[in-house]
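Asks: Quick one, work-v3.cif (mmCIF, C-alpha atoms):
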```cif
data_coords
#
loop_
_atom_site.label_atom_id
_atom_site.label_comp_id
_atom_site.auth_asym_id
_atom_site.auth_seq_id
_atom_site.Cartn_x
_atom_site.Cartn_y
_atom_site.Cartn_z
CA MET O 1 89.25 81.57 -5.87
CA ASP O 2 86.72 78.72 -5.81
CA ASP O 3 83.37 79.71 -7.36
CA TYR O 4 81.40 78.86 -4.24
CA ARG O 5 83.59 81.10 -2.06
CA ARG O 6 83.23 83.99 -4.51
CA VAL O 7 79.44 83.65 -4.40
CA ALA O 8 79.51 83.29 -0.59
CA ASP O 9 81.56 86.49 -0.38
CA ALA O 10 78.94 88.30 -2.45
CA VAL O 11 76.13 87.14 -0.16
CA ALA O 12 78.21 88.06 2.90
CA ALA O 13 78.68 91.56 1.44
CA ASP O 14 74.90 91.87 1.03
CA ILE O 15 74.45 90.93 4.68
CA ALA O 16 77.13 93.37 5.86
CA ALA O 17 75.60 96.20 3.79
CA GLY O 18 72.11 95.54 5.11
CA ARG O 19 70.69 94.46 1.77
CA LEU O 20 69.97 91.13 3.48
CA ARG O 21 68.67 91.76 6.98
CA PRO O 22 68.57 89.55 10.09
CA GLY O 23 65.70 87.10 9.75
CA ASP O 24 65.51 87.28 5.95
CA ARG O 25 65.04 83.88 4.33
CA LEU O 26 67.37 82.94 1.50
CA PRO O 27 65.84 81.31 -1.60
CA PRO O 28 65.74 77.52 -1.80
CA GLN O 29 69.08 76.25 -3.05
CA ARG O 30 67.81 75.31 -6.52
CA ALA O 31 66.23 78.76 -6.99
CA PHE O 32 69.43 80.37 -5.71
CA ALA O 33 71.45 78.32 -8.22
CA ARG O 34 69.25 79.38 -11.13
CA HIS O 35 69.39 83.05 -10.11
CA ARG O 36 73.19 83.01 -9.78
CA GLY O 37 73.80 80.84 -12.82
CA ILE O 38 75.65 78.17 -10.86
CA ALA O 39 75.23 74.43 -10.33
CA ALA O 40 72.94 73.17 -7.58
CA SER O 41 75.94 71.46 -5.95
CA THR O 42 77.78 74.80 -5.90
CA ALA O 43 74.77 76.46 -4.29
CA ALA O 44 74.80 73.82 -1.57
CA ARG O 45 78.49 74.59 -0.90
CA VAL O 46 77.70 78.32 -0.74
CA TYR O 47 75.03 77.74 1.90
CA ARG O 48 77.37 75.51 3.91
CA GLU O 49 80.11 78.14 3.71
CA LEU O 50 77.74 80.88 4.90
CA GLY O 51 76.73 78.63 7.79
CA ARG O 52 80.37 77.97 8.65
CA ARG O 53 80.96 81.73 8.80
CA GLY O 54 78.06 82.13 11.19
CA LEU O 55 76.04 84.27 8.79
CA VAL O 56 73.03 82.01 8.22
CA VAL O 57 71.25 79.18 9.96
CA GLY O 58 69.21 76.36 8.43
CA GLU O 59 65.92 75.17 9.94
CA VAL O 60 64.40 71.86 8.91
CA GLY O 61 61.26 72.36 6.87
CA ARG O 62 61.56 76.16 6.91
CA GLY O 63 64.65 77.15 4.98
CA THR O 64 67.86 79.10 5.52
CA PHE O 65 67.78 82.43 7.37
CA VAL O 66 70.18 85.31 7.90
CA LEU O 67 71.34 85.36 11.50
CA ALA O 68 70.51 88.25 13.78
CA ALA O 69 74.18 88.90 14.40
CA GLU O 70 77.52 87.50 13.39
CA ARG O 71 78.27 84.40 15.43
CA ARG O 72 80.82 84.80 18.18
CA ALA O 73 84.24 83.39 17.43
CA ALA O 74 84.00 81.41 20.66
CA PRO O 75 80.60 79.71 20.86
CA ALA O 76 80.95 78.67 24.48
CA LEU O 77 78.63 81.15 26.17
CA ALA O 78 81.13 84.00 26.20
CA GLU O 79 80.22 86.94 28.39
CA PRO O 80 77.82 89.28 26.58
CA ALA O 81 79.35 92.71 26.10
CA ASP O 82 76.43 95.06 26.73
CA ALA O 83 73.60 93.05 28.25
CA ARG O 84 72.04 94.63 31.31
CA VAL O 85 70.45 91.36 32.43
CA ASP O 86 72.59 88.30 31.79
CA LEU O 87 70.60 85.11 31.33
CA GLU O 88 73.43 83.43 29.39
CA LEU O 89 76.06 82.88 32.05
CA ASN O 90 74.97 80.88 35.08
CA TYR O 91 76.95 81.59 38.27
CA PRO O 92 74.83 80.89 41.36
CA VAL O 93 75.73 83.02 44.37
CA VAL O 94 73.67 82.95 47.57
CA PRO O 95 73.90 85.42 50.50
CA GLU O 96 75.05 82.72 52.91
CA GLN O 97 78.16 81.71 51.03
CA ALA O 98 80.53 84.62 51.73
CA PRO O 99 80.17 84.50 55.56
CA LEU O 100 80.41 80.71 55.54
CA LEU O 101 83.50 80.69 53.35
CA ALA O 102 85.14 83.50 55.32
CA ALA O 103 84.82 81.56 58.56
CA GLY O 104 86.63 78.62 57.01
CA LEU O 105 89.61 80.76 56.02
CA ASP O 106 90.70 81.31 59.63
CA ARG O 107 92.50 77.98 59.58
CA LEU O 108 94.54 79.07 56.58
CA SER O 109 95.90 82.07 58.46
CA ARG O 110 98.07 79.78 60.60
CA PRO O 111 101.64 79.99 59.24
CA ASP O 112 102.16 76.23 59.14
CA VAL O 113 98.90 75.58 57.27
CA LEU O 114 99.48 78.49 54.88
CA ASP O 115 103.03 77.36 54.19
CA ALA O 116 101.78 73.92 53.16
CA ALA O 117 98.95 75.41 51.09
CA LEU O 118 101.35 77.59 49.12
CA ALA O 119 103.60 74.69 48.15
CA PRO O 120 103.37 73.30 44.59
CA ALA O 121 100.49 70.86 44.07
CA GLY O 122 100.51 67.90 41.71
CA VAL O 123 97.58 66.48 39.80
CA ALA O 124 97.16 63.85 42.52
CA GLY O 125 96.46 66.61 45.05
CA THR O 126 96.83 65.93 48.76
CA PRO O 127 95.40 63.13 50.90
CA ALA O 128 92.89 65.56 52.46
CA ALA O 129 91.83 66.89 49.06
CA ARG O 130 91.41 63.38 47.65
CA GLU O 131 89.20 62.39 50.59
CA ALA O 132 87.14 65.55 50.19
CA ALA O 133 86.69 65.19 46.41
CA ALA O 134 85.80 61.50 46.69
CA GLY O 135 83.12 62.47 49.20
CA LEU O 136 81.69 65.10 46.85
CA LEU O 137 81.59 62.66 43.94
CA ALA O 138 79.91 59.95 46.04
CA ALA O 139 76.18 59.46 45.52
CA ASP O 140 73.49 56.93 46.40
CA GLY O 141 75.74 54.33 47.94
CA TRP O 142 78.54 54.67 45.37
CA ALA O 143 81.84 56.35 46.09
CA PRO O 144 85.16 56.36 44.27
CA ALA O 145 88.37 55.40 46.05
CA PRO O 146 90.21 58.59 47.10
CA GLU O 147 93.40 57.32 45.47
CA ASP O 148 91.58 57.32 42.10
CA VAL O 149 90.89 61.08 42.20
CA LEU O 150 92.91 63.50 40.05
CA PHE O 151 92.75 67.29 40.10
CA ALA O 152 92.73 70.13 37.59
CA GLY O 153 92.59 73.89 37.81
CA ASN O 154 88.87 73.81 36.95
CA GLY O 155 86.16 71.52 35.66
CA ARG O 156 86.70 72.40 32.00
CA GLN O 157 90.35 71.41 32.27
CA ALA O 158 89.41 68.12 33.90
CA ILE O 159 86.99 67.40 31.04
CA ALA O 160 89.61 68.36 28.45
CA ALA O 161 92.20 66.08 30.04
CA ALA O 162 89.78 63.16 30.16
CA VAL O 163 88.79 63.66 26.51
CA GLY O 164 92.43 64.05 25.48
CA ALA O 165 93.34 60.83 27.25
CA LEU O 166 90.53 58.88 25.57
CA VAL O 167 90.40 60.25 22.03
CA PRO O 168 93.50 60.75 19.85
CA PRO O 169 93.77 63.70 17.45
CA GLY O 170 91.58 62.93 14.46
CA GLY O 171 89.40 60.62 16.55
CA ARG O 172 85.67 60.75 17.24
CA LEU O 173 83.91 61.71 20.47
CA ALA O 174 80.24 60.87 20.91
CA VAL O 175 78.17 63.65 22.48
CA GLU O 176 74.47 64.31 22.97
CA ALA O 177 72.84 65.90 19.91
CA LEU O 178 72.48 69.13 21.89
CA THR O 179 75.39 69.54 24.25
CA TYR O 180 77.36 71.87 26.51
CA PRO O 181 79.00 74.35 24.10
CA VAL O 182 82.38 74.20 25.84
CA ILE O 183 82.85 70.57 24.81
CA LYS O 184 82.74 71.67 21.16
CA GLY O 185 85.58 74.11 21.80
CA ILE O 186 87.57 71.48 23.69
CA ALA O 187 87.13 69.01 20.83
CA ALA O 188 88.28 71.59 18.29
CA ARG O 189 91.43 72.40 20.27
CA LEU O 190 92.24 68.71 20.67
CA GLY O 191 91.62 67.94 17.00
CA VAL O 192 88.71 65.67 17.90
CA THR O 193 85.45 65.38 15.95
CA PRO O 194 82.27 65.52 18.06
CA VAL O 195 79.64 63.06 16.82
CA ALA O 196 76.03 63.92 17.63
CA VAL O 197 74.09 61.00 19.13
CA PRO O 198 70.28 61.30 19.27
CA VAL O 199 68.56 61.69 22.62
CA ASP O 200 65.03 61.03 23.81
CA GLU O 201 63.22 62.11 26.96
CA HIS O 202 65.54 59.84 28.99
CA GLY O 203 68.84 61.04 27.51
CA MET O 204 71.34 59.55 25.08
CA VAL O 205 69.83 56.62 23.15
CA PRO O 206 71.96 53.47 23.63
CA GLY O 207 71.08 52.00 20.24
CA ALA O 208 72.08 55.23 18.52
CA LEU O 209 75.40 55.23 20.38
CA ALA O 210 76.08 51.66 19.25
CA GLU O 211 75.20 52.59 15.67
CA ALA O 212 77.57 55.59 15.74
CA HIS O 213 80.36 53.29 16.93
CA ARG O 214 79.61 50.77 14.18
CA ALA O 215 79.66 53.51 11.54
CA ALA O 216 83.20 54.49 12.55
CA PRO O 217 84.97 53.65 15.83
CA LEU O 218 84.53 56.15 18.63
CA GLY O 219 87.33 57.04 21.00
CA GLY O 220 85.05 57.99 23.86
CA VAL O 221 81.75 59.51 24.97
CA TYR O 222 80.90 62.80 26.70
CA LEU O 223 77.51 63.20 28.33
CA GLN O 224 75.63 64.96 31.13
CA PRO O 225 73.28 62.45 32.75
CA THR O 226 72.17 64.75 35.61
CA LEU O 227 70.63 68.16 34.87
CA HIS O 228 71.61 68.10 31.23
CA ASN O 229 72.65 71.44 29.78
CA PRO O 230 70.59 72.84 28.01
CA TYR O 231 67.53 70.65 28.61
CA GLY O 232 67.74 70.44 32.41
CA THR O 233 66.63 66.79 32.28
CA THR O 234 68.03 63.89 34.32
CA MET O 235 68.63 60.41 32.94
CA PRO O 236 66.70 57.73 34.87
CA GLU O 237 68.48 54.85 36.56
CA ALA O 238 67.36 52.24 34.03
CA ARG O 239 68.87 54.19 31.12
CA ARG O 240 72.12 54.64 33.06
CA ALA O 241 72.31 50.91 33.65
CA GLU O 242 71.67 50.23 29.96
CA LEU O 243 74.33 52.71 28.85
CA GLY O 244 76.79 51.40 31.42
CA ALA O 245 76.41 47.86 30.12
CA LEU O 246 76.78 49.08 26.54
CA LEU O 247 79.99 50.96 27.34
CA GLY O 248 81.44 47.74 28.70
CA ARG O 249 80.44 45.73 25.63
CA LEU O 250 81.84 48.34 23.23
CA GLY O 251 85.00 48.91 25.25
CA LEU O 252 84.28 52.65 25.40
CA CYS O 253 84.77 55.06 28.29
CA ALA O 254 82.44 57.97 29.03
CA VAL O 255 83.33 61.34 30.51
CA GLU O 256 80.42 61.88 32.91
CA ASP O 257 79.92 65.61 33.50
CA ARG O 258 78.50 66.01 37.02
CA ILE O 259 79.07 69.76 37.39
CA TRP O 260 75.39 70.48 38.14
CA ALA O 261 74.57 67.17 39.82
CA PHE O 262 74.94 68.65 43.32
CA LEU O 263 71.53 70.31 42.85
CA ARG O 264 69.78 66.92 42.74
CA GLU O 265 69.86 65.58 46.28
CA ASP O 266 67.69 62.62 45.29
CA GLY O 267 69.27 61.99 41.90
CA PRO O 268 69.92 58.50 40.48
CA PRO O 269 73.29 56.81 40.99
CA PRO O 270 76.13 58.10 38.80
CA LEU O 271 76.75 56.39 35.49
CA ALA O 272 80.11 55.41 36.97
CA SER O 273 78.34 53.18 39.49
CA PHE O 274 77.09 51.02 36.58
CA ALA O 275 80.35 51.12 34.62
CA PRO O 276 83.18 51.75 37.10
CA ASP O 277 85.87 50.78 34.58
CA HIS O 278 84.26 52.70 31.72
CA ALA O 279 83.30 56.10 33.15
CA ILE O 280 85.19 59.15 34.39
CA PRO O 281 82.91 61.30 36.55
CA VAL O 282 84.07 64.94 36.53
CA ASP O 283 83.04 67.69 38.95
CA SER O 284 84.20 71.11 40.11
CA LEU O 285 83.64 73.72 42.80
CA SER O 286 82.87 76.86 40.78
CA LYS O 287 79.09 76.22 40.66
CA ARG O 288 78.88 74.34 43.95
CA LEU O 289 80.75 76.99 45.95
CA ALA O 290 81.74 80.18 44.12
CA PRO O 291 82.71 81.18 40.56
CA GLY O 292 86.06 82.52 41.79
CA LEU O 293 87.03 79.22 43.43
CA SER O 294 88.41 77.07 40.66
CA VAL O 295 89.11 73.39 41.33
CA GLY O 296 88.21 70.50 39.05
CA PHE O 297 88.43 66.83 39.92
CA ALA O 298 87.71 63.44 38.38
CA ALA O 299 87.57 59.84 39.53
CA VAL O 300 89.58 57.91 36.96
CA PRO O 301 89.63 54.12 36.43
CA ARG O 302 93.11 52.90 37.31
CA ARG O 303 93.78 51.58 33.84
CA LEU O 304 93.40 55.17 32.56
CA ALA O 305 94.94 57.07 35.46
CA GLY O 306 98.37 57.43 33.88
CA ARG O 307 96.95 58.77 30.62
CA VAL O 308 94.66 61.30 32.29
CA ALA O 309 97.43 62.45 34.64
CA ALA O 310 99.76 62.88 31.67
CA ALA O 311 97.11 64.91 29.83
CA LEU O 312 96.67 67.16 32.86
CA ARG O 313 100.40 67.75 33.15
CA SER O 314 101.00 68.31 29.44
CA GLY O 315 98.16 70.82 29.30
CA ALA O 316 99.50 72.66 32.37
CA TRP O 317 96.09 72.01 33.91
CA GLY O 318 97.20 71.13 37.43
CA PRO O 319 95.44 72.54 40.51
CA ALA O 320 96.51 75.36 42.82
CA GLY O 321 97.59 74.18 46.26
CA PHE O 322 95.82 77.00 48.09
CA ALA O 323 92.49 76.16 46.44
CA LEU O 324 92.90 72.46 47.30
CA GLU O 325 93.67 73.21 50.95
CA ALA O 326 90.80 75.67 51.28
CA ALA O 327 88.34 73.31 49.59
CA ALA O 328 89.35 70.34 51.74
CA GLY O 329 88.77 72.42 54.87
CA TRP O 330 85.37 73.65 53.68
CA VAL O 331 84.26 70.10 52.94
CA ALA O 332 85.45 68.84 56.31
CA ASP O 333 83.82 71.59 58.39
CA GLY O 334 80.43 71.36 56.67
CA THR O 335 80.65 74.64 54.76
CA VAL O 336 80.19 72.99 51.38
CA GLU O 337 77.14 71.09 52.57
CA ALA O 338 75.55 74.28 53.94
CA ILE O 339 76.15 76.24 50.73
CA VAL O 340 74.83 73.40 48.58
CA LYS O 341 71.66 73.30 50.66
CA ALA O 342 71.20 77.04 50.19
CA LYS O 343 71.74 76.79 46.44
CA ARG O 344 69.21 73.99 46.09
CA ALA O 345 66.63 76.20 47.76
CA ASP O 346 67.68 79.15 45.60
CA ALA O 347 67.38 77.19 42.36
CA ALA O 348 63.94 75.90 43.35
CA SER O 349 62.80 79.45 44.15
CA ARG O 350 63.99 80.75 40.79
CA GLN O 351 62.28 77.90 38.98
CA ARG O 352 59.03 78.91 40.67
CA ILE O 353 59.53 82.46 39.40
CA ALA O 354 60.10 81.16 35.88
CA ALA O 355 57.02 78.92 36.05
CA ASP O 356 54.90 81.87 37.21
CA ARG O 357 56.20 84.47 34.74
CA LEU O 358 56.24 82.12 31.75
CA ALA O 359 53.08 80.15 32.53
CA GLY O 360 51.83 78.34 29.45
CA ALA O 361 55.17 78.56 27.61
CA ALA O 362 56.80 75.39 26.23
CA ILE O 363 59.53 75.21 28.88
CA ARG O 364 61.66 72.13 29.51
CA SER O 365 63.62 72.04 32.76
CA ASP O 366 63.84 70.52 36.24
CA PRO O 367 62.37 72.02 39.44
CA GLY O 368 65.88 72.15 40.89
CA SER O 369 67.80 73.38 37.85
CA TYR O 370 69.36 76.79 37.23
CA PHE O 371 68.44 76.89 33.54
CA CYS O 372 65.46 76.40 31.23
CA TRP O 373 64.99 75.39 27.59
CA TRP O 374 62.25 77.35 25.83
CA GLU O 375 60.70 76.10 22.58
CA LEU O 376 59.58 79.38 21.08
CA PRO O 377 56.11 79.99 19.69
CA ALA O 378 55.66 80.64 15.97
CA PRO O 379 56.63 82.79 14.18
CA TRP O 380 59.70 83.35 16.35
CA ARG O 381 63.05 81.84 15.45
CA ALA O 382 65.87 81.63 17.95
CA GLU O 383 68.12 84.22 16.35
CA THR O 384 65.43 86.85 15.90
CA PHE O 385 64.19 86.28 19.46
CA VAL O 386 67.73 86.63 20.83
CA ALA O 387 68.11 89.89 18.90
CA ALA O 388 64.78 91.22 20.17
CA ALA O 389 65.71 90.32 23.75
CA ALA O 390 69.11 92.00 23.37
CA ARG O 391 67.42 95.20 22.23
CA ARG O 392 65.53 95.12 25.54
CA GLY O 393 68.77 94.58 27.45
CA ILE O 394 68.47 90.83 28.09
CA ALA O 395 70.98 88.19 26.96
CA VAL O 396 69.74 84.65 26.26
CA THR O 397 71.41 81.84 24.34
CA PRO O 398 70.12 80.59 20.96
CA ALA O 399 69.75 76.88 20.35
CA ALA O 400 72.49 76.99 17.72
CA ALA O 401 75.10 77.32 20.49
CA PHE O 402 74.30 73.76 21.60
CA VAL O 403 74.01 72.10 18.18
CA VAL O 404 76.75 69.70 17.08
CA GLY O 405 78.05 69.74 13.51
CA GLY O 406 75.88 71.04 10.72
CA ALA O 407 72.53 69.96 12.12
CA ALA O 408 69.66 72.42 11.96
CA ALA O 409 69.07 74.36 15.16
CA PRO O 410 65.70 74.01 16.92
CA ARG O 411 63.51 77.07 17.28
CA ALA O 412 64.44 77.47 20.93
CA VAL O 413 66.58 79.38 23.43
CA ARG O 414 68.18 78.54 26.74
CA PHE O 415 68.05 81.01 29.60
CA GLY O 416 69.87 80.80 32.91
CA LEU O 417 68.28 81.72 36.21
CA ALA O 418 71.27 82.04 38.52
CA SER O 419 73.01 85.32 37.79
CA PRO O 420 70.57 88.24 38.38
CA PRO O 421 68.81 89.03 41.68
CA GLU O 422 65.37 87.44 41.89
CA ASP O 423 63.46 90.69 41.36
CA VAL O 424 65.55 91.49 38.28
CA LEU O 425 65.03 87.93 37.02
CA ALA O 426 61.27 88.25 37.41
CA ARG O 427 61.16 91.52 35.46
CA ALA O 428 63.40 90.11 32.73
CA LEU O 429 61.16 87.07 32.32
CA ASP O 430 58.14 89.37 32.08
CA VAL O 431 59.87 91.18 29.22
CA LEU O 432 60.69 87.89 27.48
CA ALA O 433 57.07 86.78 27.83
CA GLU O 434 55.96 90.09 26.32
CA ILE O 435 58.35 89.65 23.39
CA ALA O 436 57.21 86.06 22.79
CA GLY O 437 53.59 87.19 22.82
CA GLY O 438 54.23 89.47 19.85
CA THR O 439 55.88 88.92 16.51
CA PRO O 440 59.28 89.82 15.09
CA ASP O 441 57.63 92.70 13.26
CA ASP O 442 56.56 94.16 16.62
CA ALA O 443 60.11 94.16 17.99
CA PRO O 444 61.70 97.62 17.86
CA VAL O 445 64.78 98.03 15.68
CA GLY O 446 67.75 99.86 17.22
#
```
For the file at hand, write its structure as structure tokens.
Replies:
Amino acid sequence: MDDYRRVADAVAADIAAGRLRPGDRLPPQRAFARHRGIAASTAARVYRELGRRGLVVGEVGRGTFVLAAERRAAPALAEPADARVDLELNYPVVPEQAPLLAAGLDRLSRPDVLDAALAPAGVAGTPAAREAAAGLLAADGWAPAPEDVLFAGNGRQAIAAAVGALVPPGGRLAVEALTYPVIKGIAARLGVTPVAVPVDEHGMVPGALAEAHRAAPLGGVYLQPTLHNPYGTTMPEARRAELGALLGRLGLCAVEDRIWAFLREDGPPPLASFAPDHAIPVDSLSKRLAPGLSVGFAAVPRRLAGRVAAALRSGAWGPAGFALEAAAGWVADGTVEAIVKAKRADAASRQRIAADRLAGAAIRSDPGSYFCWWELPAPWRAETFVAAAARRGIAVTPAAAFVVGGAAAPRAVRFGLASPPEDVLARALDVLAEIAGGTPDDAPVG
């Protein structure tokens, strides 16, 4: 066995036995090397191996710390097992949606309509579904041609197909330095390497994207210009225009994740409006309508349509005909518009609760977003805060879930606002504020 793995196993055993506890700081690598009688380069490999196993996390300027719990095998915001208040998952449901959706199902009870809805559906969908999806993707004077829309079973599948069509196995995909955790899992399954590109207050930095492409050619880009997850920020129009022009010059295509964009009624034009041949806007209905309604769709430049369609088919990611027919009807009769309006009001209300209960905290978000990014006060670190919150029955997401590659995780957490009732949300945020006002030593153990 390699020396570094043997040493890593010994440290892992100390963690498992409780000799190293969550939050403990490991010695600096040189001191660790002297203590263990190994080379400094071997110590560095040990620390990387412990990080790969999800046992420790490095923080710039502070050191390497034992995590509060073993990292989940799937980092993509998996459902917490025992949390009483879930502020990880974000599934907005408003009281109006069930009656509105139920009314729209009457049409599907007609035998002729139901018969058509239960027929097999291809990735090109139906004419009615293409018209409906093109209308949902349209924004600020821009709209894709309905014939350019392709469908998937859900938004994640649409993103995966677009990435698979753009980036070959072994290729590189540019992503924001902190990004939607699911894209990391998609990249791993496709054999694609995500490349972290720095962001500023306006989003992905064009010069940094160009530099990443010069360093080694990129196959594509994935980004969230509107209501970025986890920051909740929205890229201004000027930055979108700059990125769109850069994509054209570099010959790159971006997968534009618009899953949350429906919450911004006054948002800037899509990136695709500035780079119609170099952007694939992707959307879905699970957040816009209901978590149990799964339809994903994308507007694909015609030069890429065959590749994306082939990726959808090869992944068995095609849509369900019943969902397409139901969704097209709900768009046509105004149900989708009514539910979206209700969810915009709901998100704004929950943001007001968060602003009230966490007044003075370093929160980054948007007044219309369903999630917040919280830069924790010293001496809290993300993992110890997450553990303290879990002991009080609240699940939040540590910054490490959004970090790409081996970069150090910020001292921050993301919390969602959508899932619990408003009164439960308010009480949970009060508890989080109480925890943040103390220290890790104050947090009860067990």
Asks: Measuring between only C-alpha atoms, which one of O:Val57, O:Ala12, O:Ala407, O:Ala210 shows the shortest distance to O:Gly248?
Replies: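 That would be O:Ala210, the residue with the smallest distance to O:Gly248.
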Asks: Out of O:Leu324, O:Leu252, O:Leu312, O:Ala378, which residue has the shortest atom-to-atom distance to O:Arg156 when counting all atoms listed in the file?
Replies: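 So, comparing all the options, the nearest one is O:Leu312.
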Asks: Identify, on the basis of only C-alpha atoms, every residue whose closest approach to stretch 191-194 of chain O does not exceed 10 Å; exclude the query and any residue fewer than 5 positions from it along the same chain; express the result as a list in words.
Replies: Val163, Gly164, Val167, Pro168, Pro169, Gly170, Gly171, Arg172, Leu173, Ala174, Val175, Glu176, Ala177, Ile183, Lys184, Gly185, Ile186, Leu218, Gly219, Gly220, Val221, Tyr222, Val404 and Gly405 of chain O
Asks: Mind dumping the selected residues with C-alpha atoms as a CSV table (one decimal), in the coordinates of the input?
Replies:
```csv
chain,number,residue,atom,x,y,z
O,163,VAL,CA,88.8,63.7,26.5
O,164,GLY,CA,92.4,64.0,25.5
O,167,VAL,CA,90.4,60.2,22.0
O,168,PRO,CA,93.5,60.8,19.8
O,169,PRO,CA,93.8,63.7,17.4
O,170,GLY,CA,91.6,62.9,14.5
O,171,GLY,CA,89.4,60.6,16.6
O,172,ARG,CA,85.7,60.8,17.2
O,173,LEU,CA,83.9,61.7,20.5
O,174,ALA,CA,80.2,60.9,20.9
O,175,VAL,CA,78.2,63.6,22.5
O,176,GLU,CA,74.5,64.3,23.0
O,177,ALA,CA,72.8,65.9,19.9
O,183,ILE,CA,82.8,70.6,24.8
O,184,LYS,CA,82.7,71.7,21.2
O,185,GLY,CA,85.6,74.1,21.8
O,186,ILE,CA,87.6,71.5,23.7
O,218,LEU,CA,84.5,56.2,18.6
O,219,GLY,CA,87.3,57.0,21.0
O,220,GLY,CA,85.0,58.0,23.9
O,221,VAL,CA,81.8,59.5,25.0
O,222,TYR,CA,80.9,62.8,26.7
O,404,VAL,CA,76.8,69.7,17.1
O,405,GLY,CA,78.0,69.7,13.5
```
Asks: If we count only C-alpha atoms, what is near O:Ser349 at a cut-off of 9 Å, once residues fewer than 3 positions away on the same chain are taken out, given as a PyMOL selection string?
Replies: chain O and resi 344-346+352-354+367-368+422
Asks: Let me know the residues the PyMOL selection byres ((chain O and resi 232) around 7) catches in the file above, as a PyMOL selection string.
Replies: chain O and resi 227-231+233-234+364-366+369+371-372
Asks: Report, in Å with one decimal, the straight-line distance from atom CA of O:Arg45 to atom CA of O:Leu178.
Replies: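 Answer for the atom CA of O:Arg45 to atom CA of O:Leu178 separation: 24.2 Å.
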Asks: Just the residues within 10 Å of O:Pro421, please, counting all atoms listed in the file, with nothing from its chain fewer than 6 positions along; format it as a list in words.
Replies: Val85, Val93, Val94 and Arg350 of chain O
Asks: Closest to O:Ala152 among O:Phe402, O:Phe297, O:Tyr180, O:Trp330, using only C-alpha atoms?
Replies: O:Phe297
Asks: Determine the residue membership of the PyMOL selection byres ((chain O and resi 7) around 12) for the file above and supply it as a ChimeraX atom specification.
Replies: /O:1-6,8-14,32-33,35-39,42-50
Asks: Using only C-alpha atoms - which residues lie no farther than 12 Å from the point (102.1, 71.5, 33.2) in the file's frame? Write them as a list in words.
Replies: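 Residues with an atom close enough to that point: Pro120, Ala121, Gly122, Val123, Ala152, Gly153, Gln157, Ala161, Ala309, Ala310, Ala311, Leu312, Arg313, Ser314, Gly315, Ala316, Trp317, Gly318, Pro319 and Ala320 of chain O.
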Asks: Selection in question (the file shown): the PyMOL selection byres ((chain O and resi 374) around 12). Which residues does it include, as a ChimeraX atom specification?
Replies: /O:230-232,354-355,358-365,371-373,375-377,380-382,385-386,396-399,410-416,429,432-433,436
Asks: Smallest atom-to-atom distance to O:Trp142: which of O:Pro440, O:Pro420, O:Pro281, O:Pro270, using all atoms listed in the file?
Replies: O:Pro270
Asks: List the spatial neighbours of O:Gly406 as a list in words - criterion: any atom at most 9 Å away, all atoms listed in the file, same-chain residues fewer than 5 positions off excluded.
Replies: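 Counting only the stated atoms, we get Arg48, Gly51, Arg52 and Gly58 of chain O.
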Asks: For O:Leu425, which of O:Arg392, O:Arg34, O:Lys287, O:Arg357 is the closest residue, counting all atoms listed in the file?
Replies: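 Among the listed residues, the smallest separation from O:Leu425 belongs to O:Arg357.
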Asks: Taking into account all atoms listed in the file, which residue in the set O:Ala261, O:Ala326, O:Ala254, O:Ala298 is nearest to O:Glu147?
Replies: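 Among the listed residues, O:Ala298 lies closest to O:Glu147.
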Asks: Work out how far atom CA of O:Asp106 is from atom CA of O:Gly135, in Å to one decimal.
Replies: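 We find that atom CA of O:Gly135 and atom CA of O:Asp106 lie 22.8 Å from each other.
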Asks: Report as number ranges by chain all protein, DNA and RNA residues lying within 12 Å of O:Gly23, evaluated on only C-alpha atoms, omitting residues in the same chain fewer than 4 positions from it.
Replies: O: 15, 18-19, 55-59, 63-69, 379-388, 440-441
Asks: Since the input is missing atoms, can you rebuild N, CA and C atoms for stretch 264-270 of chain O and write them as an mmCIF file, in the frame of the given file?
Replies:
```cif
data_model
loop_
_atom_site.group_PDB
_atom_site.id
_atom_site.type_symbol
_atom_site.label_atom_id
_atom_site.label_comp_id
_atom_site.auth_asym_id
_atom_site.auth_seq_id
_atom_site.Cartn_x
_atom_site.Cartn_y
_atom_site.Cartn_z
ATOM 1 N N ARG O 264 70.749 68.003 42.630
ATOM 2 C CA ARG O 264 69.780 66.920 42.740
ATOM 3 C C ARG O 264 70.129 66.029 43.924
ATOM 4 N N GLU O 265 69.572 66.355 45.068
ATOM 5 C CA GLU O 265 69.860 65.580 46.280
ATOM 6 C C GLU O 265 69.384 64.139 46.146
ATOM 7 N N ASP O 266 68.284 63.944 45.422
ATOM 8 C CA ASP O 266 67.690 62.620 45.290
ATOM 9 C C ASP O 266 67.947 62.018 43.912
ATOM 10 N N GLY O 267 69.014 62.456 43.247
ATOM 11 C CA GLY O 267 69.270 61.990 41.900
ATOM 12 C C GLY O 267 69.645 60.519 41.835
ATOM 13 N N PRO O 268 69.541 59.917 40.648
ATOM 14 C CA PRO O 268 69.920 58.500 40.480
ATOM 15 C C PRO O 268 71.418 58.309 40.674
ATOM 16 N N PRO O 269 71.853 57.070 40.825
ATOM 17 C CA PRO O 269 73.290 56.810 40.990
ATOM 18 C C PRO O 269 74.067 57.290 39.771
ATOM 19 N N PRO O 270 75.316 57.676 39.943
ATOM 20 C CA PRO O 270 76.130 58.100 38.800
ATOM 21 C C PRO O 270 76.256 56.981 37.769
#
```
